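Worksheet for the structure shown next.
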Amino acid sequence: MDRILIRGGSRLQGEVQVSGAKNAALPIMAATILCDEPVTLENVPNLVDIDSMERILCCFGIETKREVGGIFRVEPKTLRWFEAPYDLVRKMRASFFVLGPLVAKSGQARVSMPGGCAIGRRPVDIHIKALEKLGVEIAVSHGYVEAHGLELRGAEIVLDFPSVGATENVLMAATLAKGESVIRNAAREPEVSDLANFLVAMGAKIEGIGTDVLHVQGVQSLSGGAYRVIPDRIEAETFMVAGAMTGGDVTITDATPDHCTSVIEKLRQIGARLDVTDGKIRVQGPDEFKPVEVSTMPYPGFPTDSQAQLMALLTIAKGTSIVKETIFENRFMHVSELVRLGADITIDGNCAIVKGVPNLSGSPIMASDLRASAALILAGLIARGETEVLRVYHLDRGYEHIEAKLSALGANVERFRRGQ
Ligand code: EPZ
């Protein structure tokens, strides 16, 4: 397994360009199942999770082609198979997002239950209830969801929780259902809006994009065309935290500042200076960090996907911070590893109490999930001495060349391939 070695102490300086949003590209790739004509996606990041979704699409007989510069081409074919197998779905939960488009397009689907992961049980009950409202018949057996629905019909759907994936699954299915659907308590994440904008570009009729009530007028078919995926707000926020916590001066380009407002505000509360001009976010880190209280919330609240990264910064704040995780039941896997670096963190239920310490000290640590891995890399940037992060394959799922981007900002970061 690859590992990353970081020698702490560098103040990051310079510009960094974020890649396309993983969590927008994945549902949009699934949505190409609905299209009758070729689709060209731009700004698709080169990530392991994107590879996984491509393999899933190929299972159905869809032809795909990846080109340099983030181009992803899809040639829809008559779907020949309708099963997303366990060995692919277990690697990436987002594979489950093919259920809605597959059954809407072909009337049938057999998709493995995604199973849990490091951050929680991650059930799919909200997805299933929403699709059943559209007339999809669903049975779960032997770890697979068997779905049938030759003629989906529009319905009023109220989600128990603004689940990102459930909103995306049912939104995709509703575009080809007969009649109007209304999806209430819909997730408002920018990635959900990006999917909706893609569907509209392909001929879907959707109103209320960006709000928690989506109105969908079913259409006969979706065409094809070109679409550019939005920038990755979580990657942008990761670099914002990196620039702040190293006391550096980092400008993030090609981001969408409006998608990052809660993290920008929280970093300002901590004492960093953030200027937003012409779509660029400039972060200047303070010499001292104020402690804060932060609770993760559905968008536009503070994103759960940036919680671990902010916690890494709070380990050296001047005082005690409280980090409350309200979205997932087990998203503190990074805490024990930060403590190995000398952080003073105790967990009380879904809260982490982070008492600031003067500094962290380098040590070998273990990554456990995607965003926890990013937090450990950031902690290594400020720890004294060397920090070795193991199991960095977690990182490759969601960050494109993060060590190269950090090195270009002046970080002392080196990746060692397995066996080196
Ligand atoms: C998406 O996951 C993102 N993944 C996650 O990013 C992100 O953390 C999450 O949304 C929340 O913002 C992708 O978009 C590919 P949810 P998703 O359904 O859709 C519970 C990353 O690091 N729930 O909004 O799976 C669930 O257990 C990843 O990039 C149900 O109970 O998240 C969780 O507690 C990690 N039943 C909460 O809702 C359901 O049917 C939010 O989950 C569905 C969800």
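The chains in the structure tokens are called A, B, ... from first to last as shown; in each chain the residues are counted from 1, and the ligands are counted from 1 in the order shown.
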Once you count only C-alpha atoms and all ligand atoms, which residues end up within 8 Å of ligand 1, and could you hand them over as a ChimeraX atom specification?
/A:22-24,26-27,93-94,119-128,161-166,187,189,191,234,298-299,303-305,326-329,369-371,398
Long-range neighbours of segment 245-258 of chain A as a PDB file with N, CA and C atoms, in the first residue's frame, 6 Å cut-off, only C-alpha atoms, 5 positions minimum in chain:
ATOM      1  N   ARG A  11       4.887  26.926   5.462  1.00  0.00           N
ATOM      2  CA  ARG A  11       3.710  27.784   5.275  1.00  0.00           C
ATOM      3  C   ARG A  11       3.332  27.693   3.795  1.00  0.00           C
ATOM      4  N   LEU A  12       2.133  27.259   3.495  1.00  0.00           N
ATOM      5  CA  LEU A  12       1.752  27.091   2.081  1.00  0.00           C
ATOM      6  C   LEU A  12       1.568  28.453   1.428  1.00  0.00           C
ATOM      7  N   GLN A  13       2.088  28.557   0.220  1.00  0.00           N
ATOM      8  CA  GLN A  13       1.997  29.816  -0.537  1.00  0.00           C
ATOM      9  C   GLN A  13       1.657  29.497  -1.990  1.00  0.00           C
ATOM     10  N   GLY A  14       0.830  30.328  -2.598  1.00  0.00           N
ATOM     11  CA  GLY A  14       0.625  30.188  -4.045  1.00  0.00           C
ATOM     12  C   GLY A  14      -0.802  29.867  -4.434  1.00  0.00           C
ATOM     13  N   GLU A  15      -0.972  29.444  -5.672  1.00  0.00           N
ATOM     14  CA  GLU A  15      -2.309  29.181  -6.229  1.00  0.00           C
ATOM     15  C   GLU A  15      -2.524  27.685  -6.427  1.00  0.00           C
ATOM     16  N   VAL A  16      -3.740  27.238  -6.206  1.00  0.00           N
ATOM     17  CA  VAL A  16      -4.062  25.828  -6.474  1.00  0.00           C
ATOM     18  C   VAL A  16      -5.403  25.766  -7.198  1.00  0.00           C
ATOM     19  N   GLN A  17      -5.467  24.932  -8.224  1.00  0.00           N
ATOM     20  CA  GLN A  17      -6.693  24.789  -9.013  1.00  0.00           C
ATOM     21  C   GLN A  17      -7.418  23.524  -8.569  1.00  0.00           C
ATOM     22  N   PRO A 231     -17.000  22.655  -9.968  1.00  0.00           N
ATOM     23  CA  PRO A 231     -15.771  22.408  -9.206  1.00  0.00           C
ATOM     24  C   PRO A 231     -16.071  21.708  -7.886  1.00  0.00           C
ATOM     25  N   LYS A 280     -12.154  33.590  -7.235  1.00  0.00           N
ATOM     26  CA  LYS A 280     -10.989  33.017  -6.530  1.00  0.00           C
ATOM     27  C   LYS A 280     -11.149  33.245  -5.027  1.00  0.00           C
ATOM     28  N   ILE A 281     -10.666  32.313  -4.249  1.00  0.00           N
ATOM     29  CA  ILE A 281     -10.731  32.428  -2.789  1.00  0.00           C
ATOM     30  C   ILE A 281      -9.307  32.520  -2.260  1.00  0.00           C
ATOM     31  N   ARG A 282      -8.957  33.668  -1.666  1.00  0.00           N
ATOM     32  CA  ARG A 282      -7.620  33.820  -1.094  1.00  0.00           C
ATOM     33  C   ARG A 282      -7.707  33.658   0.410  1.00  0.00           C
ATOM     34  N   VAL A 283      -6.866  32.763   0.947  1.00  0.00           N
ATOM     35  CA  VAL A 283      -6.864  32.471   2.386  1.00  0.00           C
ATOM     36  C   VAL A 283      -5.511  32.853   2.958  1.00  0.00           C
ATOM     37  N   GLN A 284      -5.537  33.722   3.991  1.00  0.00           N
ATOM     38  CA  GLN A 284      -4.296  34.058   4.699  1.00  0.00           C
ATOM     39  C   GLN A 284      -4.447  33.613   6.144  1.00  0.00           C
ATOM     40  N   GLY A 285      -3.552  32.721   6.553  1.00  0.00           N
ATOM     41  CA  GLY A 285      -3.681  32.152   7.885  1.00  0.00           C
ATOM     42  C   GLY A 285      -3.169  33.114   8.952  1.00  0.00           C
ATOM     43  N   PRO A 286      -3.814  33.109  10.131  1.00  0.00           N
ATOM     44  CA  PRO A 286      -3.361  33.954  11.238  1.00  0.00           C
ATOM     45  C   PRO A 286      -2.210  33.262  11.979  1.00  0.00           C
ATOM     46  N   LEU A 313      -7.256  21.451  12.098  1.00  0.00           N
ATOM     47  CA  LEU A 313      -6.805  22.821  12.409  1.00  0.00           C
ATOM     48  C   LEU A 313      -7.078  23.140  13.878  1.00  0.00           C
TER      49      LEU A 313
END
DSSP strand (DSSP E or B) selection over segment 138-331 of chain A, as a ChimeraX atom specification
/A:138-141,144-148,153,156-158,178,180-184,205-207,213-217,222,225-228,231,249-253,273-277,280-284,293-296,302,320-324
When you look at Val48 of chain A with a cut-off of 9 Å (counting only C-alpha atoms), what residues show up, excluding the ones that are within fewer than 5 positions of it in the same chain? I need them as a list in words.
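Selected residues are Met53, Tyr393, Asp396, Arg397 and Gly398 of chain A.
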Secondary structure check, alpha helix (DSSP H) residues of segment 87-146 of chain A, as a PyMOL selection string:
chain A and resi 87-89+99-106+125-133
For the atom pair atom CA of Ile377 of chain A and atom CA of Cys351 of chain A, what is the interatomic distance in Å to one decimal place?
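Between atom CA of Ile377 of chain A and atom CA of Cys351 of chain A the gap is 22.2 Å.
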Env of Leu41 of chain A: 12 Å cut, atoms = only C-alpha atoms, seq-sep filter 6 positions within chain, self excluded. Answer as a short mmCIF file (atom, residue, chain, number, x, y, z; two decimals) with N, CA, C and O atoms, in the first residue's frame.
data_model
loop_
_atom_site.label_atom_id
_atom_site.label_comp_id
_atom_site.auth_asym_id
_atom_site.auth_seq_id
_atom_site.Cartn_x
_atom_site.Cartn_y
_atom_site.Cartn_z
N GLY A 20 -12.80 18.89 -10.85
CA GLY A 20 -14.25 18.76 -10.91
C GLY A 20 -14.77 18.00 -9.69
O GLY A 20 -14.03 17.22 -9.09
N ALA A 24 -20.56 15.34 -7.78
CA ALA A 24 -21.47 15.75 -8.87
C ALA A 24 -21.27 14.82 -10.06
O ALA A 24 -22.24 14.34 -10.67
N ALA A 25 -20.02 14.51 -10.35
CA ALA A 25 -19.71 13.66 -11.52
C ALA A 25 -20.34 12.27 -11.37
O ALA A 25 -20.87 11.72 -12.35
N LEU A 26 -20.32 11.72 -10.16
CA LEU A 26 -20.82 10.35 -9.98
C LEU A 26 -22.32 10.23 -10.30
O LEU A 26 -22.70 9.38 -11.13
N ILE A 28 -24.10 12.25 -12.08
CA ILE A 28 -24.29 12.65 -13.48
C ILE A 28 -23.90 11.50 -14.41
O ILE A 28 -24.60 11.21 -15.40
N MET A 29 -22.84 10.79 -14.06
CA MET A 29 -22.47 9.60 -14.86
C MET A 29 -23.59 8.58 -14.81
O MET A 29 -23.98 8.00 -15.82
N ALA A 30 -24.19 8.39 -13.63
CA ALA A 30 -25.31 7.44 -13.51
C ALA A 30 -26.48 7.92 -14.37
O ALA A 30 -27.18 7.13 -15.02
N ALA A 31 -26.68 9.22 -14.42
CA ALA A 31 -27.82 9.79 -15.17
C ALA A 31 -27.67 9.59 -16.67
O ALA A 31 -28.67 9.61 -17.40
N THR A 32 -26.46 9.32 -17.15
CA THR A 32 -26.30 9.10 -18.61
C THR A 32 -27.05 7.84 -19.04
O THR A 32 -27.36 7.66 -20.21
N THR A 64 -18.13 3.60 -22.89
CA THR A 64 -17.59 4.85 -22.31
C THR A 64 -16.18 5.07 -22.82
O THR A 64 -15.52 4.14 -23.28
N LYS A 65 -15.75 6.34 -22.73
CA LYS A 65 -14.37 6.65 -23.13
C LYS A 65 -13.86 7.82 -22.31
O LYS A 65 -14.55 8.84 -22.19
N ARG A 66 -12.71 7.66 -21.69
CA ARG A 66 -12.10 8.72 -20.89
C ARG A 66 -10.99 9.35 -21.72
O ARG A 66 -10.21 8.63 -22.35
N GLU A 67 -10.96 10.67 -21.76
CA GLU A 67 -9.89 11.35 -22.50
C GLU A 67 -9.16 12.30 -21.55
O GLU A 67 -9.70 12.69 -20.52
N VAL A 68 -7.95 12.68 -21.93
CA VAL A 68 -7.19 13.58 -21.08
C VAL A 68 -7.95 14.90 -20.93
O VAL A 68 -8.81 15.24 -21.74
N GLY A 69 -7.67 15.58 -19.83
CA GLY A 69 -8.33 16.87 -19.59
C GLY A 69 -9.73 16.73 -19.03
O GLY A 69 -10.54 17.66 -19.13
N GLY A 70 -10.03 15.57 -18.45
CA GLY A 70 -11.30 15.43 -17.73
C GLY A 70 -12.50 15.21 -18.61
O GLY A 70 -13.64 15.45 -18.22
N ILE A 71 -12.25 14.74 -19.85
CA ILE A 71 -13.38 14.48 -20.76
C ILE A 71 -13.85 13.04 -20.57
O ILE A 71 -13.05 12.11 -20.53
N PHE A 72 -15.17 12.87 -20.44
CA PHE A 72 -15.74 11.52 -20.29
C PHE A 72 -16.89 11.40 -21.28
O PHE A 72 -17.84 12.16 -21.23
N ARG A 73 -16.74 10.47 -22.22
CA ARG A 73 -17.74 10.31 -23.27
C ARG A 73 -18.55 9.04 -23.01
O ARG A 73 -18.00 8.00 -22.66
N VAL A 74 -19.87 9.16 -23.20
CA VAL A 74 -20.77 8.02 -23.03
C VAL A 74 -21.56 7.81 -24.31
O VAL A 74 -22.16 8.75 -24.83
N GLU A 75 -21.52 6.57 -24.79
CA GLU A 75 -22.28 6.21 -25.99
C GLU A 75 -23.42 5.30 -25.54
O GLU A 75 -23.20 4.13 -25.27
N LEU A 195 -26.61 17.93 -10.84
CA LEU A 195 -27.28 16.81 -11.49
C LEU A 195 -28.57 17.30 -12.16
O LEU A 195 -28.84 16.97 -13.32
N PHE A 198 -27.84 19.16 -15.23
CA PHE A 198 -27.45 18.24 -16.31
C PHE A 198 -28.70 17.62 -16.94
O PHE A 198 -28.85 17.60 -18.17
N ALA A 201 -30.43 19.96 -19.13
CA ALA A 201 -29.66 20.15 -20.38
C ALA A 201 -29.92 18.99 -21.35
O ALA A 201 -29.80 19.13 -22.57
N MET A 202 -30.31 17.84 -20.79
CA MET A 202 -30.58 16.66 -21.64
C MET A 202 -32.07 16.58 -21.99
O MET A 202 -32.51 15.59 -22.58
N GLY A 224 -29.03 13.88 -25.58
CA GLY A 224 -27.62 13.79 -25.20
C GLY A 224 -27.05 15.19 -25.29
O GLY A 224 -27.80 16.17 -25.33
N GLY A 225 -25.75 15.30 -25.31
CA GLY A 225 -25.12 16.61 -25.42
C GLY A 225 -23.91 16.72 -24.53
O GLY A 225 -23.42 15.71 -24.01
N ALA A 226 -23.44 17.96 -24.34
CA ALA A 226 -22.23 18.20 -23.54
C ALA A 226 -22.60 18.91 -22.25
O ALA A 226 -23.58 19.66 -22.19
N TYR A 227 -21.82 18.63 -21.19
CA TYR A 227 -22.09 19.27 -19.89
C TYR A 227 -20.81 19.32 -19.09
O TYR A 227 -20.02 18.37 -19.09
N ARG A 228 -20.60 20.45 -18.39
CA ARG A 228 -19.39 20.62 -17.58
C ARG A 228 -19.73 20.50 -16.10
O ARG A 228 -20.61 21.19 -15.60
N VAL A 229 -19.04 19.64 -15.41
CA VAL A 229 -19.28 19.37 -13.98
C VAL A 229 -18.72 20.54 -13.15
O VAL A 229 -17.69 21.12 -13.48
N ILE A 230 -19.42 20.85 -12.07
CA ILE A 230 -18.99 21.98 -11.21
C ILE A 230 -17.68 21.63 -10.48
O ILE A 230 -17.32 20.46 -10.36
#
Which of these, A:Leu314, A:Arg153, A:Ala21, A:Asp87, has the shortest distance to Pro45 of chain A once you count only C-alpha atoms?
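Among A:Leu314, A:Arg153, A:Ala21, A:Asp87, it is A:Ala21 that comes nearest to Pro45 of chain A.
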Residue among A:Ile316, A:Ala147, A:Leu176, A:Val44 lying closest to Val354 of chain A, counting only C-alpha atoms:
A:Ile316
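Atom CA of Ala375 of chain A sits 21.7 Å away from atom CA of Arg418 of chain A.
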One decimal, in Å: what's the spacing between atom CA of Gly218 of chain A and atom CA of Glu54 of chain A?
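Separating atom CA of Gly218 of chain A from atom CA of Glu54 of chain A is a distance of 26.5 Å.
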All residues 12 Å or closer to Arg340 of chain A, only C-alpha atoms, same chain fewer than 2 positions away omitted, as a PyMOL selection string
chain A and resi 315+334-338+342-345+360-366+376+379-380+383+387-389
Generate a file of the selected residues that holds C-alpha atoms, formatted as a PDB file, in the first residue's frame.
ATOM      1  CA  THR A 315      -6.112  20.832  17.445  1.00  0.00           C
ATOM      2  CA  HIS A 334      -9.617  10.562  12.418  1.00  0.00           C
ATOM      3  CA  VAL A 335      -9.703  11.448  16.141  1.00  0.00           C
ATOM      4  CA  SER A 336      -7.592   8.558  17.415  1.00  0.00           C
ATOM      5  CA  GLU A 337      -4.960   9.251  14.769  1.00  0.00           C
ATOM      6  CA  LEU A 338      -4.877  12.983  15.540  1.00  0.00           C
ATOM      7  CA  GLY A 342      -0.414  14.826  20.253  1.00  0.00           C
ATOM      8  CA  ALA A 343      -3.881  16.335  19.852  1.00  0.00           C
ATOM      9  CA  ASP A 344      -6.102  16.536  22.952  1.00  0.00           C
ATOM     10  CA  ILE A 345      -9.545  15.351  21.805  1.00  0.00           C
ATOM     11  CA  LEU A 360       1.521  18.407  17.103  1.00  0.00           C
ATOM     12  CA  SER A 361       4.405  15.967  16.720  1.00  0.00           C
ATOM     13  CA  GLY A 362       4.940  13.744  13.713  1.00  0.00           C
ATOM     14  CA  SER A 363       4.272   9.993  13.910  1.00  0.00           C
ATOM     15  CA  PRO A 364       3.109   7.103  11.700  1.00  0.00           C
ATOM     16  CA  ILE A 365      -0.715   7.223  11.425  1.00  0.00           C
ATOM     17  CA  MET A 366      -3.383   5.281   9.561  1.00  0.00           C
ATOM     18  CA  LEU A 376      -4.324  13.455   8.625  1.00  0.00           C
ATOM     19  CA  ALA A 379      -2.234  17.588  10.458  1.00  0.00           C
ATOM     20  CA  GLY A 380       1.125  16.382   9.116  1.00  0.00           C
ATOM     21  CA  ALA A 383       3.235  18.594  13.039  1.00  0.00           C
ATOM     22  CA  THR A 387       4.381  12.183   9.753  1.00  0.00           C
ATOM     23  CA  GLU A 388       3.835   9.022   7.757  1.00  0.00           C
ATOM     24  CA  VAL A 389       0.250   8.428   6.612  1.00  0.00           C
TER      25      VAL A 389
END
